[in-house]
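Printed here is structure10.cif (mmCIF, C-alpha atoms):
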```
data_entry
loop_
_atom_site.label_atom_id
_atom_site.label_comp_id
_atom_site.auth_asym_id
_atom_site.auth_seq_id
_atom_site.Cartn_x
_atom_site.Cartn_y
_atom_site.Cartn_z
CA ALA A 1 5.70 13.25 14.87
CA GLU A 2 8.53 14.60 12.77
CA GLY A 3 10.52 11.78 11.20
CA LYS A 4 8.30 8.96 12.50
CA ALA A 5 8.30 7.18 9.15
CA GLU A 6 12.08 7.13 8.94
CA GLU A 7 12.24 5.88 12.54
CA ALA A 8 9.77 3.11 11.73
CA VAL A 9 11.89 1.95 8.80
CA GLU A 10 15.11 2.23 10.77
CA ARG A 11 13.63 0.05 13.55
CA LYS A 12 13.53 -2.91 11.18
CA GLY A 13 16.91 -4.01 12.44
CA GLY A 14 16.38 -3.99 16.15
CA LYS A 15 14.76 -3.02 19.44
CA LYS A 16 11.78 -5.26 20.20
CA ALA A 17 12.32 -7.83 17.47
CA ASN A 18 16.13 -7.50 17.36
CA ARG A 19 15.90 -8.05 13.60
CA LEU A 20 18.71 -7.91 11.11
CA GLU A 21 18.48 -5.49 8.24
CA GLY A 22 15.88 -6.51 5.66
CA SER A 23 18.43 -6.31 2.84
CA GLN A 24 20.56 -8.93 4.64
CA VAL A 25 17.61 -11.23 5.21
CA ARG A 26 16.66 -10.98 1.54
CA LYS A 27 20.01 -12.62 0.68
CA TYR A 28 18.33 -15.77 2.00
CA LEU A 29 14.70 -14.94 1.24
CA LYS A 30 13.39 -13.68 -2.07
CA ALA A 31 11.11 -10.70 -1.49
CA GLN A 32 8.63 -11.78 -4.15
CA VAL A 33 6.83 -15.09 -4.42
CA PRO A 34 5.60 -16.15 -7.90
CA SER A 35 1.82 -16.24 -7.55
CA SER A 36 -1.19 -17.26 -9.55
CA VAL A 37 -3.44 -14.19 -9.60
CA ASN A 38 -6.43 -16.30 -8.60
CA SER A 39 -4.62 -17.30 -5.39
CA LEU A 40 -4.75 -13.64 -4.31
CA ARG A 41 -8.52 -13.52 -3.98
CA GLY A 42 -10.01 -12.87 -0.57
CA ARG A 43 -7.02 -11.00 0.88
CA SER A 44 -6.46 -7.29 1.36
CA ALA A 45 -3.47 -5.91 -0.47
CA ILE A 46 -1.61 -2.87 -1.71
CA MET A 47 -0.94 -2.74 -5.42
CA ALA A 48 1.71 -0.27 -6.50
CA THR A 49 3.42 0.97 -9.63
CA CYS A 50 7.02 1.83 -10.38
CA GLN A 51 9.07 2.85 -13.38
CA GLY A 52 9.93 0.05 -15.77
CA ARG A 53 13.06 -1.97 -14.97
CA GLU A 54 13.01 -0.81 -11.34
CA ASP A 55 10.77 -3.63 -10.12
CA ARG A 56 13.38 -5.57 -8.17
CA LYS A 57 14.57 -2.60 -6.11
CA ALA A 58 11.12 -1.03 -5.88
CA VAL A 59 9.47 -4.13 -4.42
CA GLY A 60 12.16 -4.30 -1.74
CA GLU A 61 11.48 -0.68 -0.81
CA LEU A 62 7.73 -1.25 -0.87
CA ILE A 63 7.71 -4.29 1.40
CA ASP A 64 10.15 -2.64 3.85
CA THR A 65 7.99 0.50 4.00
CA VAL A 66 4.66 -1.31 4.30
CA ASP A 67 6.11 -3.69 6.90
CA ALA A 68 7.44 -0.75 8.91
CA TYR A 69 4.06 0.98 8.91
CA VAL A 70 2.30 -2.25 9.88
CA ASP A 71 4.66 -2.46 12.86
CA MET A 72 4.02 1.19 13.71
CA LEU A 73 0.22 0.87 13.48
CA TYR A 74 -0.28 -2.64 14.84
CA GLY A 75 2.79 -3.28 16.97
CA GLU A 76 5.95 -5.15 16.10
CA GLU A 77 6.15 -8.92 15.92
CA GLU A 78 8.47 -10.59 18.40
CA VAL A 79 11.19 -12.65 16.69
CA GLU A 80 13.58 -14.57 18.92
CA ASP A 81 17.24 -14.14 18.08
CA ASP A 82 20.46 -15.45 19.56
CA ALA A 83 23.11 -12.76 19.37
CA ASN A 84 25.83 -15.35 20.12
CA SER A 85 25.14 -17.45 17.01
CA SER A 86 26.95 -16.94 13.72
CA LEU A 87 25.78 -14.34 11.23
CA ASP A 88 24.86 -17.10 8.77
CA ASP A 89 22.73 -18.93 11.37
CA ARG A 90 21.04 -15.69 12.43
CA LEU A 91 20.19 -14.79 8.84
CA GLN A 92 18.69 -18.20 8.15
CA ARG A 93 16.71 -18.14 11.42
CA GLN A 94 15.35 -14.70 10.60
CA ALA A 95 14.46 -15.80 7.08
CA ARG A 96 12.50 -18.79 8.41
CA ALA A 97 10.65 -16.51 10.84
CA TYR A 98 9.80 -14.11 8.03
CA ARG A 99 8.46 -16.96 5.87
CA GLU A 100 6.36 -18.43 8.66
CA ASN A 101 5.15 -15.33 10.50
CA ARG A 102 5.47 -12.23 8.36
CA ARG A 103 2.34 -10.17 8.05
CA VAL A 104 3.25 -8.58 4.71
CA LYS A 105 4.09 -10.66 1.66
CA ALA A 106 5.21 -9.57 -1.81
CA HIS A 107 4.02 -11.40 -4.93
CA ASP A 108 5.53 -11.51 -8.38
CA LEU A 109 2.74 -10.82 -10.89
CA GLU A 110 5.19 -11.10 -13.78
CA THR A 111 4.14 -7.69 -15.09
CA GLN A 112 6.76 -4.97 -15.39
CA GLY A 113 6.01 -1.89 -13.34
CA VAL A 114 3.29 -3.52 -11.18
CA LEU A 115 4.05 -4.45 -7.55
CA TYR A 116 1.76 -6.32 -5.19
CA VAL A 117 1.90 -6.99 -1.44
CA THR A 118 -0.75 -8.80 0.58
CA MET A 119 -1.71 -8.32 4.22
CA GLU A 120 -1.37 -11.84 5.63
CA ASP A 121 -3.04 -10.87 8.91
CA ALA A 122 -6.78 -10.24 8.44
CA ARG A 123 -6.70 -7.55 11.14
CA ILE A 124 -4.48 -5.29 9.01
CA ASP A 125 -6.37 -2.61 7.09
CA ALA A 126 -4.60 -1.96 3.77
CA VAL A 127 -6.36 1.40 3.38
CA LYS A 128 -5.21 2.54 6.82
CA VAL A 129 -1.62 1.52 6.08
CA ALA A 130 -1.52 3.20 2.67
CA ARG A 131 -3.20 6.34 3.99
CA SER A 132 -0.65 6.60 6.80
CA ILE A 133 2.18 6.35 4.27
CA VAL A 134 0.82 9.05 1.96
CA THR A 135 0.01 11.33 4.89
CA ASP A 136 3.63 11.24 6.03
CA VAL A 137 4.95 11.63 2.48
CA SER A 138 2.75 14.69 1.96
CA ARG A 139 4.26 16.22 5.11
CA GLY A 140 7.78 15.52 3.91
CA GLU A 141 8.27 13.04 6.78
CA ALA A 142 8.81 9.80 4.84
CA SER A 143 11.84 9.04 2.70
CA GLY A 144 11.34 5.32 1.94
CA ALA A 145 9.99 3.72 -1.24
CA SER A 146 11.54 6.36 -3.49
CA ARG A 147 11.16 4.11 -6.56
CA VAL A 148 7.45 3.51 -5.95
CA VAL A 149 5.21 5.83 -7.95
CA ARG A 150 1.67 5.14 -6.71
CA LEU A 151 -0.19 3.09 -4.10
CA MET A 152 -3.60 1.46 -4.60
CA PRO A 153 -4.95 -0.12 -1.40
CA LEU A 154 -7.41 -2.98 -1.91
CA SER A 155 -9.63 -4.05 0.98
CA THR A 156 -10.62 -7.26 -0.75
CA VAL A 157 -9.94 -9.03 -4.04
CA THR A 158 -12.39 -11.05 -6.12
CA PHE A 159 -13.03 -12.31 -9.65
CA ALA A 160 -12.98 -9.69 -12.43
CA SER A 161 -16.69 -9.61 -13.19
CA VAL A 162 -19.18 -6.82 -12.61
CA ASP A 163 -21.34 -8.94 -10.32
CA ASP A 164 -18.40 -10.09 -8.20
CA VAL A 165 -16.97 -6.57 -7.94
CA ALA A 166 -20.33 -5.12 -6.86
CA LYS A 167 -20.84 -7.95 -4.36
CA ALA A 168 -17.38 -7.42 -2.85
CA ALA A 169 -17.78 -3.64 -2.67
CA ALA A 170 -21.30 -3.61 -1.20
CA PRO A 171 -20.39 -4.26 2.47
CA LEU A 172 -17.44 -1.85 2.26
CA VAL A 173 -19.64 0.95 0.89
CA LYS A 174 -22.42 0.24 3.38
CA ALA A 175 -20.03 0.25 6.34
CA TYR A 176 -18.34 3.48 5.31
CA PHE A 177 -21.32 5.62 4.27
CA ALA A 178 -23.85 4.48 6.88
CA ASP A 179 -24.87 7.13 9.43
CA LYS A 180 -22.51 9.74 8.00
CA SER A 181 -23.24 13.36 7.12
CA PRO A 182 -23.49 13.96 3.36
CA LEU A 183 -20.22 13.23 1.59
CA THR A 184 -19.07 13.54 -1.98
CA TYR A 185 -17.73 10.47 -3.72
CA GLY A 186 -16.24 9.30 -6.98
CA VAL A 187 -15.49 5.95 -8.58
CA GLN A 188 -12.06 5.28 -10.02
CA LEU A 189 -11.57 2.08 -12.01
CA LYS A 190 -8.42 1.05 -13.85
CA ARG A 191 -7.84 -2.02 -16.00
CA ARG A 192 -4.46 -3.70 -16.39
CA ASN A 193 -3.92 -6.67 -18.70
CA ASN A 194 -7.68 -6.95 -19.15
CA THR A 195 -9.31 -4.98 -21.96
CA SER A 196 -12.56 -6.97 -21.99
CA PHE A 197 -13.74 -5.95 -18.53
CA PRO A 198 -16.87 -3.72 -18.94
CA ARG A 199 -15.58 -0.55 -17.31
CA LYS A 200 -18.68 1.65 -17.71
CA GLU A 201 -21.04 -1.03 -16.43
CA ALA A 202 -18.86 -1.64 -13.39
CA VAL A 203 -18.55 2.06 -12.54
CA GLU A 204 -22.34 2.42 -12.70
CA ALA A 205 -22.81 -0.67 -10.51
CA LEU A 206 -20.39 0.69 -7.89
CA ALA A 207 -21.95 4.15 -7.88
CA ALA A 208 -25.40 2.60 -7.42
CA LEU A 209 -24.27 1.13 -4.09
CA VAL A 210 -23.89 4.58 -2.48
CA PRO A 211 -27.06 5.68 -0.67
CA GLU A 212 -28.52 9.16 -0.62
CA PRO A 213 -27.86 11.92 0.37
CA HIS A 214 -24.22 11.39 -0.69
CA ALA A 215 -23.45 13.00 -4.04
CA VAL A 216 -21.04 12.42 -6.91
CA ASP A 217 -18.06 14.75 -7.30
CA LEU A 218 -15.63 13.66 -9.98
CA ALA A 219 -13.21 16.55 -9.46
CA ASN A 220 -12.42 16.43 -5.74
CA PRO A 221 -14.48 13.82 -3.87
CA ASP A 222 -14.25 13.26 -0.12
CA VAL A 223 -14.19 9.51 -0.72
CA THR A 224 -13.16 7.37 -3.68
CA ILE A 225 -14.46 3.90 -4.43
CA LEU A 226 -11.35 2.36 -5.91
CA CYS A 227 -11.40 -0.63 -8.24
CA GLU A 228 -8.25 -2.12 -9.77
CA VAL A 229 -8.76 -4.82 -12.40
CA PHE A 230 -5.75 -7.01 -13.16
CA LYS A 231 -6.06 -9.98 -15.48
CA SER A 232 -8.76 -12.23 -13.96
CA ILE A 233 -9.02 -10.51 -10.55
CA ALA A 234 -10.32 -7.19 -9.26
CA GLY A 235 -9.63 -5.41 -5.99
CA VAL A 236 -11.92 -2.85 -4.38
CA ALA A 237 -11.67 -0.38 -1.51
CA VAL A 238 -13.36 2.70 -0.12
CA VAL A 239 -10.59 5.26 0.30
CA PRO A 240 -11.07 8.62 2.05
CA ASP A 241 -8.95 11.57 0.86
CA PHE A 242 -7.72 9.70 -2.21
CA ALA A 243 -8.08 12.84 -4.33
CA LYS A 244 -6.70 15.09 -1.57
CA PHE A 245 -3.48 13.05 -1.55
CA ALA A 246 -2.95 13.17 -5.32
CA ASP A 247 -4.52 9.75 -5.93
CA PHE A 248 -1.84 8.33 -3.60
CA ASN A 249 0.88 9.26 -6.09
CA LEU A 250 4.00 9.34 -3.91
CA ARG A 251 6.18 11.15 -6.41
CA ARG A 252 3.63 13.92 -6.84
CA LEU A 253 3.21 14.24 -3.08
CA ARG A 254 6.98 14.51 -2.64
CA GLU A 255 7.13 17.22 -5.27
CA LEU A 256 4.37 19.17 -3.52
CA ALA A 257 6.04 18.75 -0.12
CA ALA A 258 9.37 19.95 -1.52
CA SER A 259 7.67 22.95 -3.11
CA ARG A 260 6.02 23.90 0.19
CA ALA A 261 9.35 23.55 1.99
CA ARG A 262 11.02 25.89 -0.52
CA ASP A 263 8.20 28.40 -0.08
CA ARG A 264 8.66 28.32 3.70
CA ASP A 265 12.41 28.82 3.33
CA ASP A 266 11.81 31.81 1.05
CA GLU A 267 9.37 33.34 3.53
CA GLU A 268 11.84 32.92 6.40
CA TYR A 269 14.66 34.41 4.28
CA PHE A 270 12.67 37.53 3.40
CA ASP A 271 11.32 37.89 6.95
#
```

Could you spell out this file's structure in C-alpha cells?
Amino acid sequence: AEGKAEEAVERKGGKKANRLEGSQVRKYLKAQVPSSVNSLRGRSAIMATCQGREDRKAVGELIDTVDAYVDMLYGEEEVEDDANSSLDDRLQRQARAYRENRRVKAHDLETQGVLYVTMEDARIDAVKVARSIVTDVSRGEASGASRVVRLMPLSTVTFASVDDVAKAAAPLVKAYFADKSPLTYGVQLKRRNNTSFPRKEAVEALAALVPEPHAVDLANPDVTILCEVFKSIAGVAVVPDFAKFADFNLRRLRELAASRARDRDDEEYFD
C-alpha cells in the first residue's frame, strides 16, 4: 500500500510495542557492536554500503529500516513499558530490551563504507527483507535509509574458501531451483579486503550447482547467486530480481522512481 514503508518506520515509537524513538534509545545503546568477522559465521545478514564518512548516520538508518521491515513482515515484538516512569528509566529499560531481545543487530566491521546487520532470529529471511525494501523504494514508497547506497542480503555466512562457499550455497541453490520452470541465472561475486580469494574458481563452482535446464544470462538474469567475500568470511544467497532492481542499489532505484514520477506529471500536465 502507498506509504507502507514510511508507516512501518514511524511505528517504531509506539502502538503495539509502545517504543520510544530509536534515536533516543541509541543515546543509551550503541547501534554497532565491534565484532570479530569470524563470529558472524552461520547467521543470515544484510551487508550494505554507504558513502565514506557517513557510516555512523547510515548504520542508524539501516538498522531502523531493516528493523521496521522485520516488524512489518514478521510482526512486532512486544516490549513492556511503564508510561508513568521517568524518561531516563524508560530509555534504559528499552535499551535493555533491545540488547536482550532485538532481532536485528548492527556490527562494526571497522571498514569505512561497509555496514553489516545480522538477523538474530533464524526465522527471518534476509533476502525477503531486502527484497521488500527495494520493491518499495522502486515504487517511490520508502524514504528511509537515504545514506545507504546498496543492499546485499546474505542467507548464510561461512569461511572464505571455495569449498566452504560451494558447500554453503548448495542447499540454497537446490531449494530455489528445484521443480521450477526454466530460469535464467547469473553469479555475482565481490571481494572486499581479500584479494587472494580465487574469484574465477568460486564463480565456476557456484554456477556448477545450478541444474539443467536453467541457463546463464549475465545481462538480465531472473535470479542471481550472490557471494560477498569480506576478509576471512563469505556470505551467499540466491536472490530473485536482483538485476531487475538495479542490483539492490537504493540510490539508483530512487533516481528511477523520481524519473518515472516526473514523466507521469508531464503526461498529466499535457493531458

From the list A:Lys190, A:Arg262, A:Arg56, A:Arg90, the nearest residue to Glu110 in chain A using all atoms listed in the file is A:Arg56

Here CA of Arg41 in chain A and CA of Tyr176 in chain A stand apart by 21.7 Å

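Between Arg199 in chain A and the residues A:Ala219, A:Leu183, A:Ala160, A:Ala45, the shortest atom-to-atom distance, using all atoms listed in the file, involves A:Ala160.
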
Starting from 5 Å padding per side, set up an axis-aligned box that covers all listed atoms of range 37-49 of chain A and hand over centre and edge lengths in Å, one decimal, as AutoDock Vina command-line options.
```
--center_x -3.3 --center_y -8.2 --center_z -4.1 --size_x 23.4 --size_y 28.3 --size_z 21.0
```

CA of Leu256 in chain A sits from CA of Val239 in chain A at a separation of 20.8 Å
